[in-house]
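The next block holds one structure in the form of structure tokens; read it before the comments.
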Amino acid sequence: MSTDASLPRSSWVPTSGAESGFGLDHLPIASFSAEGRGRRLGIRIGAHVLDLARATEAGLFDGLSVQEREALRKPEMNALLALGAPSWARVWSRLRELLGPDCPALRDHADCKSMLVPEWGVSLRVPAHIGDYTDFYASIHHATNVGSMFRPDNPLLPNWKHVPIGYHGRASTIVATGTAVRRPSGQRKPPEAAEPTFGPSQSMDHELEMGFLVGPGNPMGQSLSVEEASQRIFGVLLVNDWSARDVQAWEYQPLGPFLAKNFATTVAGWVTPMLSLGGAKRPGPIRRADDPAPLPYLRWPGDWGLDLDVEVWIQSAVMRERGLEPMRLSAGNYTDMFWTPSQMLAHHASGGCAMQPGDLFASGTISGPTKESRGCMLERTWRGTEPIALPDGTERKFLQDGDEIILRGSAPSSGGGRLTLGECRGRIEPSQH
């Protein structure tokens, strides 16, 4: 599918021009439900969502294969993800044709209104059945900052610039944007305490991340090259990998994150296809002269990074009561990451791990070189020593009950303007303990 500037940027659908962030140059996909219809897949165009099941039943995708049409009728993305890049290109080419200014097939269809749902009337779901979830640690700024807090003389461990570090997350607690997140409990041991105690985390944190949905997998025992991995990434979505920092500090030795991370991970509803991100692709990260070169299995001359602007916003319970708008906590860009998405996926499969359609991997906290670009409270407040003042007169070292965290993102379009990556929202509820 072409991504050049010659593509039309506006559609016959109202308020769907490039200025909306959801024009023809974008067309993100989601799993949604709405009044009178069960869960299904939809495409965002302006302020509307195209119901793919109804559009398929109306014969608007009859030029596609049986497998492609059946995938569009599913409630989740897994069947579509399994088809691979050639099918994705055919589907999105047809979508741009149907929604473009010169195609009457959908516009003049008798059931057009039933196929287009107002965006405000849909509930977004987790976009795919996620069988496995892996979280990486790909930001050198984040890794250096966190390492400096615990190991001032040796912030980066010796392996960090050689191997994409990650941990296996918990797919069963991945939740859709807007879902409340309960404060977790766990063992905590402050440095001054003689023994650990069990109770609600007192250092609840967010992590601003970018997630990637995997398409066709690989058989167990076979690896993927970086080039092959790049063709198996369907698209991106915002991810908040919630963290209980006090639990994490006690439990991470010797094996790493466990209860501090497995209680909830929030994902955005809208998935932006890589097909729409041609304008955001950049050469892979530039290594410093004294950085080690990636090992051969992590090299590909055509590898790419992504120019994605990302932000974190906060709104406390008191701010909502007073009608105060959310406050921006941080703003960064994905180009600051040390490892590319393709390198992360290739490394994941390098030992023979079988990836599957619908697997999710995330980047780890996106942090940049400035204080304002740090993507979590641990860094932003420097482990609580530099509290942040909120408009309601309170301060935050870490997150409190009632706080809502909102992640937002955007990307440059291949034809100018910006693509809106949507939002990833979650509000903290009190612990049950």
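We label chains A, B, ... in the order they appear in the structure tokens, count residues from 1 in each chain, and number ligands from 1 in the order shown.
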
Check: When DSSP works through the backbone of this structure, what residues of region 9-195 of chain A end up as strand (DSSP E or B), shown as a VMD selection string?
Finding: chain A and resid 29 to 34 37 to 45 48 to 51 116 to 118 122 to 124 133 to 136 139 166 to 168 174 to 176 181 to 182 185 to 188

ask   = Which neighbours of region 52-55 of chain A fall inside 6 Å, counting only C-alpha atoms, when residues of the same chain fewer than 6 positions from it are skipped, and could you give them as a list in words?
value = Leu41, Gly42, Leu72, Arg73 and Met115 of chain A

For Phe338 (chain A), find every residue with an atom within 8 Å (counting only C-alpha atoms), except residues of its own chain fewer than 6 positions away, and show them as a PyMOL selection string. chain A and resi 138-140+285

Correct to one decimal, the distance CA of Glu19 (chain A)-CA of Leu116 (chain A) is 19.8 Å

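For Gly422 (chain A), the set of protein, DNA and RNA residues having any atom at most 7 Å away, when counting only C-alpha atoms and skipping those fewer than 5 positions along the same chain, is Trp270, Arg408 and Gly409 of chain A.
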
- prompt: What gap, in Å, lies between CA of Gly217 (chain A) and CA of Gly302 (chain A)?
  reply: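 Going from CA of Gly217 (chain A) over to CA of Gly302 (chain A), I get 20.7 Å.
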